[in-house]
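Before any comments, here is the structure.
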Amino acid sequence: MLPNGNEKKPNFKEDFILTKANYLLNHSVGRPLKTSEKNFSEQFYTPWNNSLSEPWEQWLGIINDFTASLAKLFNAKQSEFCPQVNLSSGLTKILMSLDRAQKKNCVILVSEIDFPGMGFALKKSLPEDCEIRFIPSNIDITNASVWDEYLTKDVDLVFVSHAYSNTGQLSPILQVLSMARSRNIISILDIAQSVGIVPIDLKALNPDFMIGSSVKWLCGGPGAAYLWVNSDCLDSCNPKDVGWFSHENPFEFDIHNFRYHNSALKFWGGTPSIAPYAIATHSINYFTNIGLKNIRKHNQLLIEKTANVLDLEFVSPREEAMRGGTMILDFGSNQQKVLKQLKEHNISVDLRSHGIRISPHIYNDAEDIDQLLSVIKSTRL
């Protein structure tokens, strides 16, 4: 946790493996905790090494801890979470489980600036006669009135990202989800770019479904994704991609009698992966202990520090309520020159269509931003 007024401020850099880099790529892959390897060995290898038979009982305890950590992080019921390999798989499973999404001529609303992989999953998991309707990329998705205009009575399902990877924008999910609910539109919330840097309260938001992962701001590595199903929607879901861990009793072993699990685990599938969830649970608990509001505040102070110096180049929203954890800087014809100089100074950023993406985390500090600004200034001289 962050200190009170009289306590010494913790040095979060000491807790992470940063390899002497000024690492600002947290929108892509978060850095691991120094304690992750030891914790992983204890959680995953120790039961394997010490067991006289197969260690499934201990390994499944890791999954239970993972869903419990998610429930605490999101203020939701543990029974509403199901582990997934990645977001695309989770989205596909949700869509294929819903009669309404599989009906003739159903209409799905998404934004043209959503992550392409989500669009691919939508296209291939819906019937050919379904319409995927796009909010054009040049329209401001931070404006709730835009969503009000596009959430028309013929829309069956809305897919909404909380934060957008190429623009640094936040969508007004509280309003969007409220509109969808009042208009009987199924909602799927994608939190890939916001979880771990923007607090999310599922009881307050009340979407129908949510998909997320642990690889970015949660610093849990790839493979520990998850889907969340609102308890009110659970009975209407009939997943098609199932396996023995989707069963009410996986160890019943009666090939003639399949019954869905009575929780979100009905979406689970076959023999589960275990290792990624051991790593992710450790980091999720670390960040929950610090508090996402504190992490968000720290992130936004560093972003604002940059925006105050590079006002003209700062193309992300200036209003904090419309901004995620990532800032976008556009240097026009000098883009590649700036990028090269940052790389030569071991400052880790990347480039997308709108500009250079920069994402400070709890282990970044004012000195990291000062170095970033210093290199940029020297490049522009």
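Numbering starts fresh at 1 for the residues of each chain in the structure tokens, the chains themselves are lettered A, B, ... in the order given, and ligands are numbered from 1 as they appear.
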Interface rows for segment 245-343 of chain A against segment 55-79 of chain A: nearest pair, Å to one decimal, 10 Å, only C-alpha atoms, as CSV:
```
residue,atom,partner,partner_atom,distance
A:Asn262,CA,A:Ser79,CA,8.7
A:Ser263,CA,A:Ser79,CA,5.3
A:Ala264,CA,A:Ser79,CA,6.1
A:Leu265,CA,A:Ser79,CA,7.7
A:Pro272,CA,A:Leu60,CA,9.0
A:Ser273,CA,A:Ile63,CA,9.2
A:Ile274,CA,A:Trp59,CA,6.6
A:Ala275,CA,A:Ile62,CA,8.6
A:Pro276,CA,A:Ile63,CA,9.7
A:Tyr277,CA,A:Phe66,CA,6.1
A:Ala278,CA,A:Ile62,CA,5.9
A:Ile279,CA,A:Phe66,CA,9.4
A:Ala280,CA,A:Phe66,CA,7.5
A:Thr281,CA,A:Phe66,CA,5.1
A:His282,CA,A:Phe66,CA,8.6
A:Ser283,CA,A:Ser69,CA,9.8
A:Ile284,CA,A:Ser69,CA,6.7
A:Asn285,CA,A:Ser69,CA,6.4
A:Phe287,CA,A:Leu73,CA,8.9
A:Thr288,CA,A:Leu73,CA,6.2
A:Asn289,CA,A:Leu73,CA,9.6
A:Gly291,CA,A:Leu73,CA,9.1
A:Leu292,CA,A:Leu73,CA,8.7
```
Could those selected residues go to a file with N, CA, C and O atoms, as a PDB file, in the first residue's frame?
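Below is the file that was written, selection_27.pdb:
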```
ATOM      1  N   ASN A 262     -22.491 -25.240 -12.756  1.00  0.00           N
ATOM      2  CA  ASN A 262     -23.488 -24.251 -12.330  1.00  0.00           C
ATOM      3  C   ASN A 262     -22.893 -22.863 -12.081  1.00  0.00           C
ATOM      4  O   ASN A 262     -23.521 -22.005 -11.476  1.00  0.00           O
ATOM      5  N   SER A 263     -21.661 -22.646 -12.523  1.00  0.00           N
ATOM      6  CA  SER A 263     -21.020 -21.337 -12.415  1.00  0.00           C
ATOM      7  C   SER A 263     -20.464 -20.958 -13.789  1.00  0.00           C
ATOM      8  O   SER A 263     -20.700 -21.646 -14.789  1.00  0.00           O
ATOM      9  N   ALA A 264     -19.693 -19.871 -13.850  1.00  0.00           N
ATOM     10  CA  ALA A 264     -19.069 -19.466 -15.112  1.00  0.00           C
ATOM     11  C   ALA A 264     -18.081 -20.504 -15.625  1.00  0.00           C
ATOM     12  O   ALA A 264     -17.683 -20.450 -16.803  1.00  0.00           O
ATOM     13  N   LEU A 265     -17.716 -21.464 -14.797  1.00  0.00           N
ATOM     14  CA  LEU A 265     -16.800 -22.519 -15.237  1.00  0.00           C
ATOM     15  C   LEU A 265     -17.413 -23.403 -16.321  1.00  0.00           C
ATOM     16  O   LEU A 265     -16.713 -24.222 -16.916  1.00  0.00           O
ATOM     17  N   PRO A 272      -7.187 -28.055 -18.119  1.00  0.00           N
ATOM     18  CA  PRO A 272      -6.787 -26.647 -18.043  1.00  0.00           C
ATOM     19  C   PRO A 272      -5.283 -26.450 -17.932  1.00  0.00           C
ATOM     20  O   PRO A 272      -4.553 -27.293 -17.417  1.00  0.00           O
ATOM     21  N   SER A 273      -4.856 -25.293 -18.410  1.00  0.00           N
ATOM     22  CA  SER A 273      -3.510 -24.825 -18.128  1.00  0.00           C
ATOM     23  C   SER A 273      -3.473 -24.315 -16.694  1.00  0.00           C
ATOM     24  O   SER A 273      -4.454 -23.762 -16.199  1.00  0.00           O
ATOM     25  N   ILE A 274      -2.347 -24.489 -16.028  1.00  0.00           N
ATOM     26  CA  ILE A 274      -2.227 -24.088 -14.627  1.00  0.00           C
ATOM     27  C   ILE A 274      -1.161 -23.019 -14.428  1.00  0.00           C
ATOM     28  O   ILE A 274      -1.379 -22.019 -13.732  1.00  0.00           O
ATOM     29  N   ALA A 275      -0.004 -23.193 -15.048  1.00  0.00           N
ATOM     30  CA  ALA A 275       1.163 -22.360 -14.776  1.00  0.00           C
ATOM     31  C   ALA A 275       0.897 -20.851 -14.895  1.00  0.00           C
ATOM     32  O   ALA A 275       1.280 -20.087 -13.993  1.00  0.00           O
ATOM     33  N   PRO A 276       0.254 -20.349 -15.980  1.00  0.00           N
ATOM     34  CA  PRO A 276       0.070 -18.896 -16.102  1.00  0.00           C
ATOM     35  C   PRO A 276      -0.718 -18.291 -14.949  1.00  0.00           C
ATOM     36  O   PRO A 276      -0.473 -17.136 -14.561  1.00  0.00           O
ATOM     37  N   TYR A 277      -1.633 -19.062 -14.390  1.00  0.00           N
ATOM     38  CA  TYR A 277      -2.502 -18.523 -13.333  1.00  0.00           C
ATOM     39  C   TYR A 277      -1.775 -18.405 -11.999  1.00  0.00           C
ATOM     40  O   TYR A 277      -2.119 -17.558 -11.176  1.00  0.00           O
ATOM     41  N   ALA A 278      -0.762 -19.234 -11.799  1.00  0.00           N
ATOM     42  CA  ALA A 278       0.059 -19.109 -10.592  1.00  0.00           C
ATOM     43  C   ALA A 278       0.836 -17.793 -10.628  1.00  0.00           C
ATOM     44  O   ALA A 278       0.921 -17.075  -9.621  1.00  0.00           O
ATOM     45  N   ILE A 279       1.402 -17.475 -11.788  1.00  0.00           N
ATOM     46  CA  ILE A 279       2.156 -16.232 -11.942  1.00  0.00           C
ATOM     47  C   ILE A 279       1.232 -15.025 -11.802  1.00  0.00           C
ATOM     48  O   ILE A 279       1.531 -14.065 -11.081  1.00  0.00           O
ATOM     49  N   ALA A 280       0.106 -15.077 -12.476  1.00  0.00           N
ATOM     50  CA  ALA A 280      -0.805 -13.932 -12.498  1.00  0.00           C
ATOM     51  C   ALA A 280      -1.429 -13.647 -11.135  1.00  0.00           C
ATOM     52  O   ALA A 280      -1.573 -12.484 -10.743  1.00  0.00           O
ATOM     53  N   THR A 281      -1.798 -14.683 -10.409  1.00  0.00           N
ATOM     54  CA  THR A 281      -2.417 -14.484  -9.093  1.00  0.00           C
ATOM     55  C   THR A 281      -1.478 -13.720  -8.170  1.00  0.00           C
ATOM     56  O   THR A 281      -1.896 -12.818  -7.425  1.00  0.00           O
ATOM     57  N   HIS A 282      -0.205 -14.054  -8.232  1.00  0.00           N
ATOM     58  CA  HIS A 282       0.802 -13.398  -7.384  1.00  0.00           C
ATOM     59  C   HIS A 282       0.855 -11.899  -7.672  1.00  0.00           C
ATOM     60  O   HIS A 282       0.867 -11.080  -6.741  1.00  0.00           O
ATOM     61  N   SER A 283       0.858 -11.523  -8.954  1.00  0.00           N
ATOM     62  CA  SER A 283       0.955 -10.106  -9.294  1.00  0.00           C
ATOM     63  C   SER A 283      -0.368  -9.375  -9.050  1.00  0.00           C
ATOM     64  O   SER A 283      -0.370  -8.218  -8.620  1.00  0.00           O
ATOM     65  N   ILE A 284      -1.485 -10.030  -9.303  1.00  0.00           N
ATOM     66  CA  ILE A 284      -2.785  -9.396  -9.046  1.00  0.00           C
ATOM     67  C   ILE A 284      -2.916  -9.036  -7.569  1.00  0.00           C
ATOM     68  O   ILE A 284      -3.346  -7.925  -7.216  1.00  0.00           O
ATOM     69  N   ASN A 285      -2.526  -9.950  -6.699  1.00  0.00           N
ATOM     70  CA  ASN A 285      -2.600  -9.675  -5.264  1.00  0.00           C
ATOM     71  C   ASN A 285      -1.682  -8.524  -4.861  1.00  0.00           C
ATOM     72  O   ASN A 285      -2.017  -7.724  -3.970  1.00  0.00           O
ATOM     73  N   PHE A 287      -0.848  -5.890  -6.727  1.00  0.00           N
ATOM     74  CA  PHE A 287      -1.447  -4.615  -7.125  1.00  0.00           C
ATOM     75  C   PHE A 287      -2.722  -4.304  -6.343  1.00  0.00           C
ATOM     76  O   PHE A 287      -3.008  -3.142  -6.052  1.00  0.00           O
ATOM     77  N   THR A 288      -3.468  -5.330  -5.998  1.00  0.00           N
ATOM     78  CA  THR A 288      -4.664  -5.107  -5.183  1.00  0.00           C
ATOM     79  C   THR A 288      -4.277  -4.531  -3.829  1.00  0.00           C
ATOM     80  O   THR A 288      -4.963  -3.665  -3.280  1.00  0.00           O
ATOM     81  N   ASN A 289      -3.156  -4.990  -3.297  1.00  0.00           N
ATOM     82  CA  ASN A 289      -2.676  -4.502  -2.001  1.00  0.00           C
ATOM     83  C   ASN A 289      -2.285  -3.025  -2.073  1.00  0.00           C
ATOM     84  O   ASN A 289      -2.541  -2.256  -1.136  1.00  0.00           O
ATOM     85  N   GLY A 291      -3.552  -0.898  -4.283  1.00  0.00           N
ATOM     86  CA  GLY A 291      -4.796  -0.183  -4.548  1.00  0.00           C
ATOM     87  C   GLY A 291      -4.779   0.450  -5.922  1.00  0.00           C
ATOM     88  O   GLY A 291      -3.887   1.249  -6.231  1.00  0.00           O
ATOM     89  N   LEU A 292      -5.737   0.089  -6.774  1.00  0.00           N
ATOM     90  CA  LEU A 292      -5.739   0.584  -8.144  1.00  0.00           C
ATOM     91  C   LEU A 292      -5.976   2.090  -8.222  1.00  0.00           C
ATOM     92  O   LEU A 292      -5.504   2.749  -9.155  1.00  0.00           O
TER      93      LEU A 292
END
```
Please provide the set of residues having any atom within 10 Å of segment 235-237 of chain A, restricted to only C-alpha atoms, with same-chain residues fewer than 5 positions apart removed, written as a compact mmCIF listing (two decimals) with N, CA and C atoms, in the first residue's frame.
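The resulting file, out38.txt, is shown below:
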```
# COMPACT_ATOMS: atom_id res chain seq x y z
N LYS A 93 -16.23 -17.95 -27.23
CA LYS A 93 -17.06 -18.83 -26.41
C LYS A 93 -18.35 -18.15 -25.98
N ILE A 94 -18.24 -16.86 -25.61
CA ILE A 94 -19.44 -16.13 -25.20
C ILE A 94 -20.43 -16.02 -26.36
N LEU A 95 -19.95 -15.60 -27.51
CA LEU A 95 -20.84 -15.39 -28.67
C LEU A 95 -21.51 -16.68 -29.10
N MET A 96 -20.77 -17.79 -29.09
CA MET A 96 -21.33 -19.06 -29.52
C MET A 96 -22.31 -19.64 -28.51
N SER A 97 -22.29 -19.11 -27.28
CA SER A 97 -23.19 -19.62 -26.25
C SER A 97 -24.54 -18.92 -26.23
N LEU A 98 -24.67 -17.82 -26.97
CA LEU A 98 -25.87 -16.99 -26.89
C LEU A 98 -26.78 -17.21 -28.09
N ASP A 99 -27.99 -17.64 -27.83
CA ASP A 99 -28.96 -17.84 -28.92
C ASP A 99 -29.18 -16.55 -29.70
N ARG A 100 -29.20 -15.43 -29.00
CA ARG A 100 -29.49 -14.16 -29.65
C ARG A 100 -28.37 -13.74 -30.61
N VAL A 229 -19.09 -13.58 -16.31
CA VAL A 229 -20.49 -13.68 -16.71
C VAL A 229 -21.36 -13.17 -15.57
N ASN A 230 -22.18 -12.19 -15.85
CA ASN A 230 -23.15 -11.71 -14.87
C ASN A 230 -24.06 -12.87 -14.45
N TYR A 260 -23.91 -28.88 -17.62
CA TYR A 260 -23.09 -27.69 -17.46
C TYR A 260 -22.76 -27.43 -15.98
N ASN A 262 -22.49 -25.24 -12.76
CA ASN A 262 -23.49 -24.25 -12.33
C ASN A 262 -22.89 -22.86 -12.08
N SER A 263 -21.66 -22.65 -12.52
CA SER A 263 -21.02 -21.34 -12.42
C SER A 263 -20.46 -20.96 -13.79
N ALA A 264 -19.69 -19.87 -13.85
CA ALA A 264 -19.07 -19.47 -15.11
C ALA A 264 -18.08 -20.50 -15.62
N LYS A 266 -18.68 -23.23 -16.62
CA LYS A 266 -19.28 -23.94 -17.76
C LYS A 266 -18.57 -23.57 -19.07
N PHE A 267 -17.86 -22.42 -19.06
CA PHE A 267 -17.12 -21.97 -20.24
C PHE A 267 -15.68 -22.50 -20.27
```
If you count only C-alpha atoms, which residues fall within 10 Å of Ser137 of chain A, apart from same-chain ones fewer than 3 positions away, as a list of chain:residue names?
A:Ser111, A:Glu112, A:Ile113, A:Asp114, A:Phe134, A:Asp140, A:Ile141
Could you save those same residues with C-alpha atoms as a PDB file, in the first residue's frame?
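What follows is the written file part-v4.pdb:
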```
ATOM      1  CA  SER A 111     -15.968   0.583 -32.785  1.00  0.00           C
ATOM      2  CA  GLU A 112     -13.673   0.700 -35.785  1.00  0.00           C
ATOM      3  CA  ILE A 113     -10.774   1.421 -33.393  1.00  0.00           C
ATOM      4  CA  ASP A 114     -11.285  -1.774 -31.402  1.00  0.00           C
ATOM      5  CA  PHE A 134     -18.979  -0.154 -36.833  1.00  0.00           C
ATOM      6  CA  ASP A 140     -15.208  10.438 -30.737  1.00  0.00           C
ATOM      7  CA  ILE A 141     -16.019   7.316 -28.714  1.00  0.00           C
TER       8      ILE A 141
END
```
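Inside segment 119-212 of chain A, the residues DSSP reads as alpha helix (DSSP H) when given the backbone are Gly119, Phe120, Ala121, Leu122, Lys123, Lys124, Ser125, Ala144, Ser145, Val146, Trp147, Asp148, Glu149, Tyr150, Ile173, Leu174, Gln175, Val176, Leu177, Ser178, Met179, Ala180, Arg181, Ser182, Leu202, Lys203, Ala204 and Leu205 of chain A.
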Written file, previous selection with C-alpha atoms, as a PDB file, in the first residue's frame:
```
ATOM      1  CA  GLY A 119     -13.026  -8.036 -34.874  1.00  0.00           C
ATOM      2  CA  PHE A 120     -11.603 -11.275 -36.268  1.00  0.00           C
ATOM      3  CA  ALA A 121     -13.201 -13.283 -33.448  1.00  0.00           C
ATOM      4  CA  LEU A 122     -16.539 -11.549 -33.973  1.00  0.00           C
ATOM      5  CA  LYS A 123     -16.551 -12.207 -37.709  1.00  0.00           C
ATOM      6  CA  LYS A 124     -15.725 -15.904 -37.416  1.00  0.00           C
ATOM      7  CA  SER A 125     -17.940 -16.773 -34.454  1.00  0.00           C
ATOM      8  CA  ALA A 144     -21.620   9.232 -24.527  1.00  0.00           C
ATOM      9  CA  SER A 145     -24.003  10.872 -27.013  1.00  0.00           C
ATOM     10  CA  VAL A 146     -22.227   9.025 -29.844  1.00  0.00           C
ATOM     11  CA  TRP A 147     -23.058   5.714 -28.218  1.00  0.00           C
ATOM     12  CA  ASP A 148     -26.610   6.922 -27.611  1.00  0.00           C
ATOM     13  CA  GLU A 149     -26.945   7.570 -31.344  1.00  0.00           C
ATOM     14  CA  TYR A 150     -25.560   4.190 -32.419  1.00  0.00           C
ATOM     15  CA  ILE A 173     -18.613   2.589 -20.054  1.00  0.00           C
ATOM     16  CA  LEU A 174     -20.934   3.482 -17.184  1.00  0.00           C
ATOM     17  CA  GLN A 175     -23.239   5.334 -19.582  1.00  0.00           C
ATOM     18  CA  VAL A 176     -22.828   2.839 -22.435  1.00  0.00           C
ATOM     19  CA  LEU A 177     -23.643  -0.145 -20.251  1.00  0.00           C
ATOM     20  CA  SER A 178     -26.602   1.669 -18.715  1.00  0.00           C
ATOM     21  CA  MET A 179     -27.991   2.485 -22.181  1.00  0.00           C
ATOM     22  CA  ALA A 180     -27.527  -1.106 -23.321  1.00  0.00           C
ATOM     23  CA  ARG A 181     -29.302  -2.446 -20.256  1.00  0.00           C
ATOM     24  CA  SER A 182     -32.270  -0.082 -20.661  1.00  0.00           C
ATOM     25  CA  LEU A 202     -18.452  -4.801 -11.736  1.00  0.00           C
ATOM     26  CA  LYS A 203     -21.264  -4.389  -9.232  1.00  0.00           C
ATOM     27  CA  ALA A 204     -21.511  -0.723 -10.174  1.00  0.00           C
ATOM     28  CA  LEU A 205     -21.055  -1.231 -13.930  1.00  0.00           C
TER      29      LEU A 205
END
```
Might you pull out every residue within 10 Å of segment 18-22 of chain A, with only C-alpha atoms counted and same-chain residues fewer than 6 positions away left off, and present them as a VMD selection string?
chain A and resid 30 to 34 342 to 343 345 to 349 360 363 to 365 367 to 369 371 to 372
Next, dump the selected residues to file, keeping only N, CA, C and O atoms, as a PDB file, in the first residue's frame.
```pdb
ATOM      1  N   GLY A  30       3.536  -6.007 -19.105  1.00  0.00           N
ATOM      2  CA  GLY A  30       4.046  -5.489 -17.845  1.00  0.00           C
ATOM      3  C   GLY A  30       5.265  -6.260 -17.384  1.00  0.00           C
ATOM      4  O   GLY A  30       5.472  -7.420 -17.750  1.00  0.00           O
ATOM      5  N   ARG A  31       6.085  -5.628 -16.564  1.00  0.00           N
ATOM      6  CA  ARG A  31       7.308  -6.258 -16.072  1.00  0.00           C
ATOM      7  C   ARG A  31       7.005  -7.199 -14.900  1.00  0.00           C
ATOM      8  O   ARG A  31       6.090  -6.960 -14.116  1.00  0.00           O
ATOM      9  N   PRO A  32       7.786  -8.287 -14.749  1.00  0.00           N
ATOM     10  CA  PRO A  32       7.513  -9.256 -13.680  1.00  0.00           C
ATOM     11  C   PRO A  32       8.036  -8.813 -12.323  1.00  0.00           C
ATOM     12  O   PRO A  32       9.034  -8.083 -12.223  1.00  0.00           O
ATOM     13  N   LEU A  33       7.364  -9.244 -11.298  1.00  0.00           N
ATOM     14  CA  LEU A  33       7.855  -9.071  -9.935  1.00  0.00           C
ATOM     15  C   LEU A  33       9.091  -9.935  -9.717  1.00  0.00           C
ATOM     16  O   LEU A  33       9.186 -11.045 -10.243  1.00  0.00           O
ATOM     17  N   LYS A  34      10.023  -9.444  -8.917  1.00  0.00           N
ATOM     18  CA  LYS A  34      11.222 -10.222  -8.609  1.00  0.00           C
ATOM     19  C   LYS A  34      10.880 -11.499  -7.840  1.00  0.00           C
ATOM     20  O   LYS A  34      11.610 -12.485  -7.899  1.00  0.00           O
ATOM     21  N   LEU A 342      15.071   7.459 -28.519  1.00  0.00           N
ATOM     22  CA  LEU A 342      14.549   6.850 -27.291  1.00  0.00           C
ATOM     23  C   LEU A 342      15.100   5.437 -27.116  1.00  0.00           C
ATOM     24  O   LEU A 342      15.508   5.038 -26.024  1.00  0.00           O
ATOM     25  N   LYS A 343      15.129   4.691 -28.204  1.00  0.00           N
ATOM     26  CA  LYS A 343      15.651   3.327 -28.162  1.00  0.00           C
ATOM     27  C   LYS A 343      17.123   3.318 -27.793  1.00  0.00           C
ATOM     28  O   LYS A 343      17.580   2.487 -26.992  1.00  0.00           O
ATOM     29  N   HIS A 345      18.659   5.293 -25.954  1.00  0.00           N
ATOM     30  CA  HIS A 345      18.806   5.631 -24.533  1.00  0.00           C
ATOM     31  C   HIS A 345      18.078   4.638 -23.627  1.00  0.00           C
ATOM     32  O   HIS A 345      17.829   4.920 -22.455  1.00  0.00           O
ATOM     33  N   ASN A 346      17.749   3.467 -24.172  1.00  0.00           N
ATOM     34  CA  ASN A 346      17.091   2.392 -23.404  1.00  0.00           C
ATOM     35  C   ASN A 346      15.760   2.826 -22.798  1.00  0.00           C
ATOM     36  O   ASN A 346      15.417   2.423 -21.688  1.00  0.00           O
ATOM     37  N   ILE A 347      15.034   3.652 -23.545  1.00  0.00           N
ATOM     38  CA  ILE A 347      13.685   4.031 -23.138  1.00  0.00           C
ATOM     39  C   ILE A 347      12.720   3.219 -23.987  1.00  0.00           C
ATOM     40  O   ILE A 347      12.669   3.373 -25.211  1.00  0.00           O
ATOM     41  N   SER A 348      11.972   2.347 -23.355  1.00  0.00           N
ATOM     42  CA  SER A 348      11.129   1.382 -24.071  1.00  0.00           C
ATOM     43  C   SER A 348       9.740   1.952 -24.337  1.00  0.00           C
ATOM     44  O   SER A 348       8.938   2.133 -23.411  1.00  0.00           O
ATOM     45  N   VAL A 349       9.458   2.238 -25.614  1.00  0.00           N
ATOM     46  CA  VAL A 349       8.148   2.700 -26.072  1.00  0.00           C
ATOM     47  C   VAL A 349       7.864   1.984 -27.385  1.00  0.00           C
ATOM     48  O   VAL A 349       8.674   1.189 -27.858  1.00  0.00           O
ATOM     49  N   PRO A 360       3.384   4.793 -18.348  1.00  0.00           N
ATOM     50  CA  PRO A 360       4.090   4.670 -17.066  1.00  0.00           C
ATOM     51  C   PRO A 360       3.282   3.886 -16.026  1.00  0.00           C
ATOM     52  O   PRO A 360       2.067   4.051 -15.908  1.00  0.00           O
ATOM     53  N   TYR A 363       6.044   1.392 -11.069  1.00  0.00           N
ATOM     54  CA  TYR A 363       7.499   1.321 -10.922  1.00  0.00           C
ATOM     55  C   TYR A 363       8.232   2.358 -11.757  1.00  0.00           C
ATOM     56  O   TYR A 363       9.464   2.386 -11.782  1.00  0.00           O
ATOM     57  N   ASN A 364       7.515   3.202 -12.456  1.00  0.00           N
ATOM     58  CA  ASN A 364       8.120   4.366 -13.106  1.00  0.00           C
ATOM     59  C   ASN A 364       7.997   5.566 -12.175  1.00  0.00           C
ATOM     60  O   ASN A 364       7.103   5.615 -11.318  1.00  0.00           O
ATOM     61  N   ASP A 365       8.895   6.520 -12.336  1.00  0.00           N
ATOM     62  CA  ASP A 365       8.862   7.692 -11.464  1.00  0.00           C
ATOM     63  C   ASP A 365       9.146   8.957 -12.265  1.00  0.00           C
ATOM     64  O   ASP A 365       9.317   8.919 -13.496  1.00  0.00           O
ATOM     65  N   GLU A 367      11.751  10.744 -12.436  1.00  0.00           N
ATOM     66  CA  GLU A 367      13.051  10.714 -13.110  1.00  0.00           C
ATOM     67  C   GLU A 367      12.953  10.022 -14.468  1.00  0.00           C
ATOM     68  O   GLU A 367      13.626  10.417 -15.426  1.00  0.00           O
ATOM     69  N   ASP A 368      12.126   8.989 -14.558  1.00  0.00           N
ATOM     70  CA  ASP A 368      11.918   8.317 -15.848  1.00  0.00           C
ATOM     71  C   ASP A 368      11.300   9.277 -16.862  1.00  0.00           C
ATOM     72  O   ASP A 368      11.687   9.298 -18.041  1.00  0.00           O
ATOM     73  N   ILE A 369      10.340  10.046 -16.421  1.00  0.00           N
ATOM     74  CA  ILE A 369       9.691  11.013 -17.320  1.00  0.00           C
ATOM     75  C   ILE A 369      10.652  12.143 -17.669  1.00  0.00           C
ATOM     76  O   ILE A 369      10.682  12.615 -18.814  1.00  0.00           O
ATOM     77  N   GLN A 371      13.866  11.880 -17.973  1.00  0.00           N
ATOM     78  CA  GLN A 371      14.775  11.351 -18.989  1.00  0.00           C
ATOM     79  C   GLN A 371      14.091  11.306 -20.352  1.00  0.00           C
ATOM     80  O   GLN A 371      14.678  11.678 -21.374  1.00  0.00           O
ATOM     81  N   LEU A 372      12.836  10.836 -20.365  1.00  0.00           N
ATOM     82  CA  LEU A 372      12.056  10.798 -21.605  1.00  0.00           C
ATOM     83  C   LEU A 372      11.999  12.174 -22.243  1.00  0.00           C
ATOM     84  O   LEU A 372      12.286  12.348 -23.437  1.00  0.00           O
TER      85      LEU A 372
END
```
Mind pulling up the distance from atom CA of Val29 of chain A to atom CA of Gly325 of chain A?
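Straight-line distance from atom CA of Gly325 of chain A to atom CA of Val29 of chain A works out to 13.2 Å.
Atom CA of Pro172 of chain A to atom CA of Met322 of chain A spans 7.7 Å [interatomic distance, one decimal].
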Based on the backbone DSSP call, show me all residues of segment 101-154 of chain A assigned strand (DSSP E or B), as a ChimeraX atom specification.
/A:107-111,131-135
Please report the interatomic distance between atom CA of His261 of chain A and atom CA of Val107 of chain A in Å with one decimal.
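Computing the Euclidean distance for atom CA of His261 of chain A and atom CA of Val107 of chain A yields 29.2 Å.
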